[in-house]
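Trainee: This one is final-v4.txt, compact mmCIF, C-alpha atoms.
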```
# COMPACT_ATOMS: atom_id res chain seq x y z
CA MET A 17 -13.22 -93.45 -28.63
CA ARG A 18 -12.63 -94.34 -25.02
CA LYS A 19 -15.68 -94.63 -22.79
CA SER A 20 -14.25 -91.98 -20.46
CA HIS A 21 -14.18 -89.49 -23.33
CA LEU A 22 -17.85 -90.08 -24.10
CA ILE A 23 -18.89 -89.80 -20.47
CA TYR A 24 -16.95 -86.56 -20.21
CA ILE A 25 -18.58 -85.18 -23.35
CA ALA A 26 -22.04 -86.18 -22.19
CA VAL A 27 -21.79 -84.79 -18.68
CA VAL A 28 -20.02 -81.54 -19.51
CA SER A 29 -22.32 -80.94 -22.46
CA PHE A 30 -25.27 -81.25 -20.10
CA MET A 31 -23.57 -78.69 -17.87
CA LEU A 32 -23.36 -76.37 -20.86
CA ILE A 33 -27.13 -76.47 -21.19
CA PHE A 34 -27.33 -74.11 -18.24
CA ALA A 35 -24.16 -72.07 -18.88
CA CYS A 36 -24.16 -68.48 -20.13
CA SER A 37 -23.72 -67.66 -23.81
CA GLU A 38 -23.02 -64.18 -25.12
CA SER A 39 -22.44 -65.24 -28.73
CA ASP A 40 -25.54 -67.21 -29.66
CA SER A 41 -28.61 -65.40 -30.97
CA PRO A 42 -31.72 -67.48 -30.29
CA THR A 43 -34.66 -67.44 -32.59
CA SER A 44 -38.23 -67.23 -31.39
CA PRO A 45 -40.84 -69.78 -32.53
CA ASP A 46 -43.62 -67.52 -31.27
CA ASP A 47 -44.31 -64.05 -29.98
CA ASN A 48 -42.59 -62.35 -27.05
CA ASN A 49 -45.48 -60.49 -25.47
CA GLY A 50 -44.82 -61.46 -21.84
CA THR A 51 -47.90 -63.63 -21.38
CA GLY A 52 -48.44 -67.37 -21.16
CA ALA A 53 -45.26 -69.22 -20.16
CA ALA A 54 -43.46 -65.94 -19.45
CA LEU A 55 -45.73 -65.37 -16.45
CA TYR A 56 -44.15 -68.40 -14.75
CA TYR A 57 -40.62 -66.94 -14.90
CA PRO A 58 -41.30 -63.21 -14.44
CA GLY A 59 -39.15 -60.24 -13.54
CA GLY A 60 -36.93 -57.60 -15.11
CA VAL A 61 -33.38 -56.48 -14.43
CA GLY A 62 -32.86 -56.17 -10.68
CA SER A 63 -35.20 -59.02 -9.73
CA MET A 64 -33.84 -61.33 -7.04
CA PHE A 65 -34.77 -64.75 -5.65
CA ILE A 66 -33.29 -66.45 -2.58
CA PHE A 67 -33.62 -70.20 -2.02
CA SER A 68 -32.69 -72.35 0.96
CA ARG A 69 -30.70 -75.48 0.04
CA ASP A 70 -31.26 -78.80 1.79
CA THR A 71 -29.92 -82.30 1.26
CA MET A 72 -31.53 -85.58 2.22
CA GLY A 73 -29.67 -87.71 4.76
CA SER A 74 -29.57 -91.48 5.09
CA ALA A 75 -32.56 -91.38 7.44
CA GLY A 76 -34.71 -89.80 4.74
CA SER A 77 -34.95 -86.34 6.35
CA TYR A 78 -33.62 -83.05 4.99
CA SER A 79 -30.96 -80.84 6.60
CA ASN A 80 -29.92 -77.36 5.50
CA ILE A 81 -26.58 -76.92 3.72
CA GLY A 82 -26.81 -73.30 2.54
CA LEU A 83 -28.66 -71.06 0.11
CA ARG A 84 -28.78 -69.88 -3.49
CA THR A 85 -29.32 -66.29 -4.59
CA SER A 86 -30.38 -65.67 -8.19
CA SER A 87 -30.55 -62.18 -9.67
CA PHE A 88 -31.41 -60.86 -13.12
CA ALA A 89 -28.32 -58.75 -13.69
CA SER A 90 -28.71 -57.44 -17.23
CA SER A 91 -30.49 -57.85 -20.55
CA ARG A 92 -29.68 -57.57 -24.21
CA SER A 93 -31.66 -57.71 -27.45
CA ALA A 94 -31.33 -60.34 -30.16
CA ASN A 95 -33.76 -61.03 -33.01
CA GLY A 96 -36.43 -58.95 -31.32
CA LEU A 97 -36.11 -60.83 -28.02
CA SER A 98 -34.98 -59.67 -24.59
CA ILE A 99 -32.21 -62.00 -23.39
CA PHE A 100 -31.65 -61.83 -19.62
CA LYS A 101 -28.50 -62.79 -17.75
CA GLN A 102 -29.16 -64.53 -14.44
CA ILE A 103 -26.37 -64.59 -11.85
CA ASN A 104 -26.44 -67.47 -9.36
CA GLN A 105 -24.48 -67.38 -6.13
CA THR A 106 -24.64 -70.61 -4.15
CA THR A 107 -23.33 -71.08 -0.63
CA SER A 108 -23.02 -74.71 0.50
CA ILE A 109 -21.30 -75.58 3.77
CA GLY A 110 -19.33 -72.35 3.64
CA ILE A 111 -18.20 -72.71 0.01
CA VAL A 112 -19.38 -69.95 -2.36
CA ASP A 113 -19.85 -70.65 -6.06
CA THR A 114 -20.91 -68.06 -8.65
CA SER A 115 -22.21 -68.84 -12.12
CA SER A 116 -24.41 -67.28 -14.79
CA VAL A 117 -27.01 -68.35 -17.31
CA GLU A 118 -28.88 -66.55 -20.08
CA PHE A 119 -32.57 -67.08 -20.74
CA TRP A 120 -35.43 -65.72 -22.75
CA ARG A 121 -39.16 -66.23 -22.50
CA SER A 122 -42.19 -66.02 -24.71
CA ASN A 123 -45.85 -66.89 -24.85
CA ASN A 124 -45.11 -70.57 -25.44
CA GLY A 125 -42.00 -71.25 -23.36
CA VAL A 126 -39.07 -70.31 -21.16
CA TYR A 127 -35.75 -71.09 -22.83
CA PHE A 128 -32.19 -71.25 -21.53
CA VAL A 129 -29.46 -70.52 -24.06
CA VAL A 130 -26.91 -73.28 -24.67
CA ASP A 131 -23.28 -72.18 -24.70
CA THR A 132 -21.17 -74.47 -26.91
CA SER A 133 -17.91 -72.60 -26.37
CA GLY A 134 -16.61 -75.21 -23.95
CA PHE A 135 -17.47 -78.05 -26.30
CA ALA A 136 -14.40 -77.39 -28.48
CA GLU A 137 -12.14 -77.98 -25.49
CA ILE A 138 -13.85 -81.30 -24.80
CA LEU A 139 -13.43 -82.39 -28.42
CA GLY A 140 -9.72 -81.76 -28.04
CA GLU A 141 -9.52 -84.91 -25.93
CA ILE A 142 -10.78 -87.09 -28.78
CA PRO A 143 -8.16 -88.46 -31.24
CA ASP A 144 -8.21 -86.53 -34.53
CA SER A 145 -8.59 -89.76 -36.51
CA LEU A 146 -11.94 -90.38 -34.83
CA LYS A 147 -13.03 -86.80 -34.30
CA ASN A 148 -12.90 -86.11 -38.05
CA LEU A 149 -15.42 -88.89 -38.64
CA LEU A 150 -17.99 -87.73 -36.11
CA THR A 151 -20.45 -84.87 -36.20
CA PHE A 152 -22.13 -83.36 -33.15
CA ASN A 153 -25.56 -81.74 -33.29
CA ILE A 154 -26.56 -79.71 -30.24
CA ASP A 155 -29.82 -77.87 -29.68
CA SER A 156 -29.18 -74.15 -29.28
CA GLN A 157 -31.58 -73.80 -26.36
CA ILE A 158 -33.38 -75.83 -23.74
CA ASN A 159 -37.14 -75.48 -23.35
CA ALA A 160 -37.52 -75.57 -19.56
CA PHE A 161 -41.20 -74.56 -19.40
CA SER A 162 -43.71 -75.15 -22.17
CA THR A 163 -47.30 -74.05 -22.63
CA PRO A 164 -50.12 -74.81 -23.09
CA LEU A 165 -50.20 -76.90 -19.93
CA THR A 166 -52.32 -79.91 -20.80
CA ALA A 167 -52.80 -83.18 -18.92
CA GLY A 168 -50.11 -85.73 -19.73
CA LYS A 169 -48.02 -83.31 -21.77
CA VAL A 170 -44.40 -84.40 -22.41
CA TRP A 171 -41.98 -82.43 -24.56
CA PRO A 172 -38.37 -82.80 -25.74
CA ALA A 173 -36.49 -80.04 -23.94
CA PHE A 174 -32.99 -80.64 -25.27
CA LYS A 175 -31.01 -83.14 -27.34
CA LEU A 176 -27.35 -83.71 -28.15
CA ASN A 177 -26.65 -86.16 -30.97
CA VAL A 178 -23.45 -87.62 -32.37
CA GLY A 179 -23.39 -88.54 -36.04
CA ILE A 180 -21.59 -91.80 -36.85
CA PRO A 181 -20.69 -92.63 -40.48
CA ILE A 182 -23.04 -95.17 -42.11
CA PHE A 183 -25.05 -95.57 -38.90
CA GLY A 184 -26.45 -92.04 -38.68
CA ASP A 185 -27.27 -90.05 -35.54
CA ARG A 186 -27.11 -91.49 -32.05
CA SER A 187 -28.39 -89.57 -29.05
CA LEU A 188 -25.90 -88.88 -26.25
CA ILE A 189 -28.15 -86.67 -24.14
CA GLU A 190 -31.91 -86.22 -24.06
CA VAL A 191 -33.72 -83.93 -21.65
CA SER A 192 -37.50 -84.15 -21.45
CA GLY A 193 -40.09 -82.20 -19.51
CA ALA A 194 -43.42 -83.57 -18.34
CA TYR A 195 -46.36 -81.60 -16.98
CA LYS A 196 -47.71 -83.28 -13.83
CA GLY A 197 -50.60 -80.97 -12.99
CA GLN A 198 -51.20 -78.52 -10.16
CA GLU A 199 -50.15 -78.73 -6.53
CA SER A 200 -50.47 -76.40 -3.56
CA VAL A 201 -47.30 -74.76 -2.25
CA THR A 202 -46.52 -72.08 0.32
CA VAL A 203 -44.67 -68.98 -0.80
CA PRO A 204 -42.98 -66.10 1.02
CA PRO A 205 -43.17 -63.64 2.58
CA ASN A 206 -46.32 -64.69 4.48
CA ALA A 207 -46.40 -68.43 3.76
CA GLU A 208 -49.43 -67.98 1.53
CA THR A 209 -50.87 -71.03 -0.17
CA LYS A 210 -50.59 -70.79 -3.95
CA THR A 211 -51.29 -73.09 -6.87
CA ALA A 212 -48.12 -74.27 -8.58
CA GLU A 213 -47.58 -76.00 -11.91
CA ARG A 214 -45.41 -79.10 -11.44
CA ILE A 215 -42.85 -80.01 -14.10
CA ASP A 216 -40.83 -83.25 -13.92
CA TYR A 217 -37.52 -83.39 -15.79
CA THR A 218 -35.65 -86.49 -16.92
CA VAL A 219 -32.11 -86.52 -18.26
CA LYS A 220 -31.08 -89.60 -20.23
CA ILE A 221 -27.35 -89.98 -20.86
CA SER A 222 -26.41 -92.78 -23.25
CA ILE A 223 -22.89 -94.11 -22.69
CA PRO A 224 -21.48 -96.07 -25.66
CA ASP A 225 -19.64 -99.29 -25.00
CA GLU A 226 -15.85 -99.13 -25.24
CA ALA A 227 -15.69 -101.97 -27.76
CA ASN A 228 -18.76 -101.01 -29.81
CA ILE A 229 -20.01 -97.43 -29.76
CA LEU A 230 -23.34 -98.58 -31.21
CA ASP A 231 -24.12 -100.42 -27.96
CA THR A 232 -25.10 -98.02 -25.19
CA THR A 233 -25.89 -98.07 -21.51
CA SER A 234 -28.41 -95.47 -20.37
CA GLN A 235 -28.24 -93.49 -17.14
CA TYR A 236 -31.22 -91.47 -15.93
CA TYR A 237 -31.39 -88.46 -13.60
CA GLY A 238 -34.62 -86.84 -12.48
CA GLY A 239 -35.86 -83.72 -10.77
CA THR A 240 -39.01 -81.68 -10.23
CA ALA A 241 -39.71 -77.95 -10.40
CA TRP A 242 -42.74 -76.04 -9.13
CA PHE A 243 -43.65 -72.74 -10.82
CA VAL A 244 -46.22 -70.21 -9.60
CA GLU A 245 -47.78 -67.66 -11.93
CA ASN A 246 -46.43 -64.11 -11.42
CA ILE A 247 -43.83 -65.38 -8.92
CA GLY A 248 -41.72 -67.90 -10.80
CA LEU A 249 -39.76 -70.91 -9.61
CA VAL A 250 -40.64 -71.68 -5.97
CA LYS A 251 -39.10 -75.13 -5.44
CA LEU A 252 -36.64 -77.60 -6.98
CA GLU A 253 -36.19 -81.14 -5.74
CA GLY A 254 -34.45 -84.24 -7.05
CA ASN A 255 -31.13 -85.71 -8.08
CA GLY A 256 -28.27 -83.41 -7.14
CA LEU A 257 -26.66 -83.53 -10.58
CA LEU A 258 -29.80 -82.20 -12.24
CA ILE A 259 -30.73 -79.69 -9.52
CA ASN A 260 -27.25 -78.15 -9.46
CA ALA A 261 -27.21 -77.87 -13.23
CA ILE A 262 -30.56 -76.05 -13.24
CA GLY A 263 -29.89 -73.97 -10.14
CA ARG A 264 -26.29 -72.89 -10.56
CA GLY A 265 -24.99 -74.02 -13.93
CA SER A 266 -22.38 -76.45 -12.62
CA ILE A 267 -21.86 -80.20 -12.45
CA ASP A 268 -20.45 -82.42 -9.73
CA LEU A 269 -20.70 -86.13 -10.46
CA GLU A 270 -20.60 -86.88 -6.74
CA ASP A 271 -23.92 -85.08 -6.43
CA SER A 272 -25.62 -87.70 -8.62
CA SER A 273 -25.99 -89.81 -5.47
CA ARG A 274 -27.60 -87.00 -3.46
CA THR A 275 -31.12 -85.64 -3.30
CA ILE A 276 -31.23 -81.86 -3.07
CA ARG A 277 -34.13 -79.50 -2.38
CA GLU A 278 -34.19 -75.76 -2.99
CA THR A 279 -37.10 -73.74 -1.59
CA LEU A 280 -37.86 -70.07 -2.24
CA THR A 281 -37.55 -68.04 0.96
CA SER A 282 -37.78 -64.47 -0.38
CA PHE A 283 -38.01 -62.64 -3.68
CA GLU A 284 -38.23 -59.19 -5.23
CA LEU A 285 -39.63 -58.58 -8.70
CA LYS A 286 -38.64 -55.54 -10.73
```
Could you write out this file's structure as structure tokens?
Mentor:
Amino acid sequence: MRKSHLIYIAVVSFMLIFACSESDSPTSPDDNNGTGAALYYPGGVGSMFIFSRDTMGSAGSYSNIGLRTSSFASSRSANGLSIFKQINQTTSIGIVDTSSVEFWRSNNGVYFVVDTSGFAEILGEIPDSLKNLLTFNIDSQINAFSTPLTAGKVWPAFKLNVGIPIFGDRSLIEVSGAYKGQESVTVPPNAETKTAERIDYTVKISIPDEANILDTTSQYYGGTAWFVENIGLVKLEGNGLLINAIGRGSIDLEDSSRTIRETLTSFELK
């Protein structure tokens, strides 16, 4: 398998973490009573959140490049859960991009549904002689917020493995979340000071060597999210590749060299 194929699989598969899926039916590891973790990503159909988007320049200061509007457009039921569809419209330097993502929430976590529909197209680029030997195991959901929030907590949020004959599974993508404690943030509409829970995310992409797929080079991308109880996500900051994937469900490799910040400017809960 050529290295370019594996990079493509890894990056686009990560993009699919935050893409919408209508076909998958997630299963709940706990109850769905709207408490606990659910309080940190609240709102019903009709809820809307608007974020300003900034990028860091060479001098280390931020400048505004646009905004992102996220709305909870609809919901459906699956396995006793309410699955919400979130529509994201991002405007950056005059360019408008629209995407969607499905999520569900429970007492113990907030989960984004993984859509694997695009994965078949990616596999089409791999020679059949090699593709028939490999197996791909992809988590059906990503655990973006996990409770209880305890000091030093780290959890595996998502994993994509490739199975290689004789040698077993090798990880292509690993996403982890880490609870970093509480910090004070200001929230609209009156710039009130609130206590936020800080979550750091790390994406590890393992790129196999062209000559020996058992030898890998790891690339890491990081970002941070701040969540406020009964309000939701109030700020995202970090590597552009990760922030764009979380915020608008799309990937641009050029953004991996940028630092992006999104800050909540207004919201309406339904």
Trainee: Please determine, counting all atoms listed in the file, which residue among A:Ser74, A:Ser115, A:Thr279, A:Asn123 has the shortest atom-to-atom distance to Thr202 in chain A.
Mentor: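 With all atoms listed in the file as the atom set, the closest residue is A:Thr279.
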Trainee: Using all atoms listed in the file, which of A:Thr232, A:Phe161, A:Ala89, A:Ile189 sits nearest Gly248 in chain A?
Mentor: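 Of A:Thr232, A:Phe161, A:Ala89, A:Ile189, the one nearest Gly248 in chain A, counting all atoms listed in the file, is A:Phe161.
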Trainee: Find, counting only C-alpha atoms, the residue in A:Thr281, A:Ser79, A:Ser87, A:Thr151 that gets nearest to Met64 in chain A.
Mentor: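 Of A:Thr281, A:Ser79, A:Ser87, A:Thr151, the one nearest Met64 in chain A is A:Ser87, counting only C-alpha atoms.
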Trainee: Quick one: residues within 10 Å of range 238-245 of chain A, only C-alpha atoms counted, chain neighbours fewer than 4 positions away excluded, as a VMD selection string?
Mentor: chain A and resid 52 to 58 160 to 161 191 to 196 198 to 201 203 210 to 220 249 to 259 262 272 275 to 279
Trainee: Point out the residue among A:Ser63, A:Thr85, A:Thr209, A:Ser273 with the least atom-to-atom distance to Phe100 in chain A, counting all atoms listed in the file.
Mentor: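 Going through A:Ser63, A:Thr85, A:Thr209, A:Ser273 one by one, the smallest distance to Phe100 in chain A is for A:Ser63.
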Trainee: What gap, in Å, lies between CA of Thr163 in chain A and CA of Lys286 in chain A?
Mentor: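 Between CA of Thr163 in chain A and CA of Lys286 in chain A the gap is 23.6 Å.
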Trainee: Take CA of Asn246 in chain A and CA of Gly125 in chain A and report the distance between them in Å, one decimal.
Mentor: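 Between CA of Asn246 in chain A and CA of Gly125 in chain A the gap works out to 14.6 Å.
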Trainee: Calculated over all atoms listed in the file, which of the candidates A:Ile81, A:Val126, A:Ile154, A:Leu97 has the smallest distance to Ile109 in chain A?
Mentor: A:Ile81
Trainee: Could you check how far CA of Thr166 in chain A sits from CA of Ile247 in chain A, in Å to one decimal?
Mentor: 20.6 Å
Trainee: Counting all atoms listed in the file, note down every residue that has an atom within 6 Å of the point (-19.1, -86.3, -34.3) (file coordinates), as a ChimeraX atom specification.
Mentor: /A:150-152,178-179
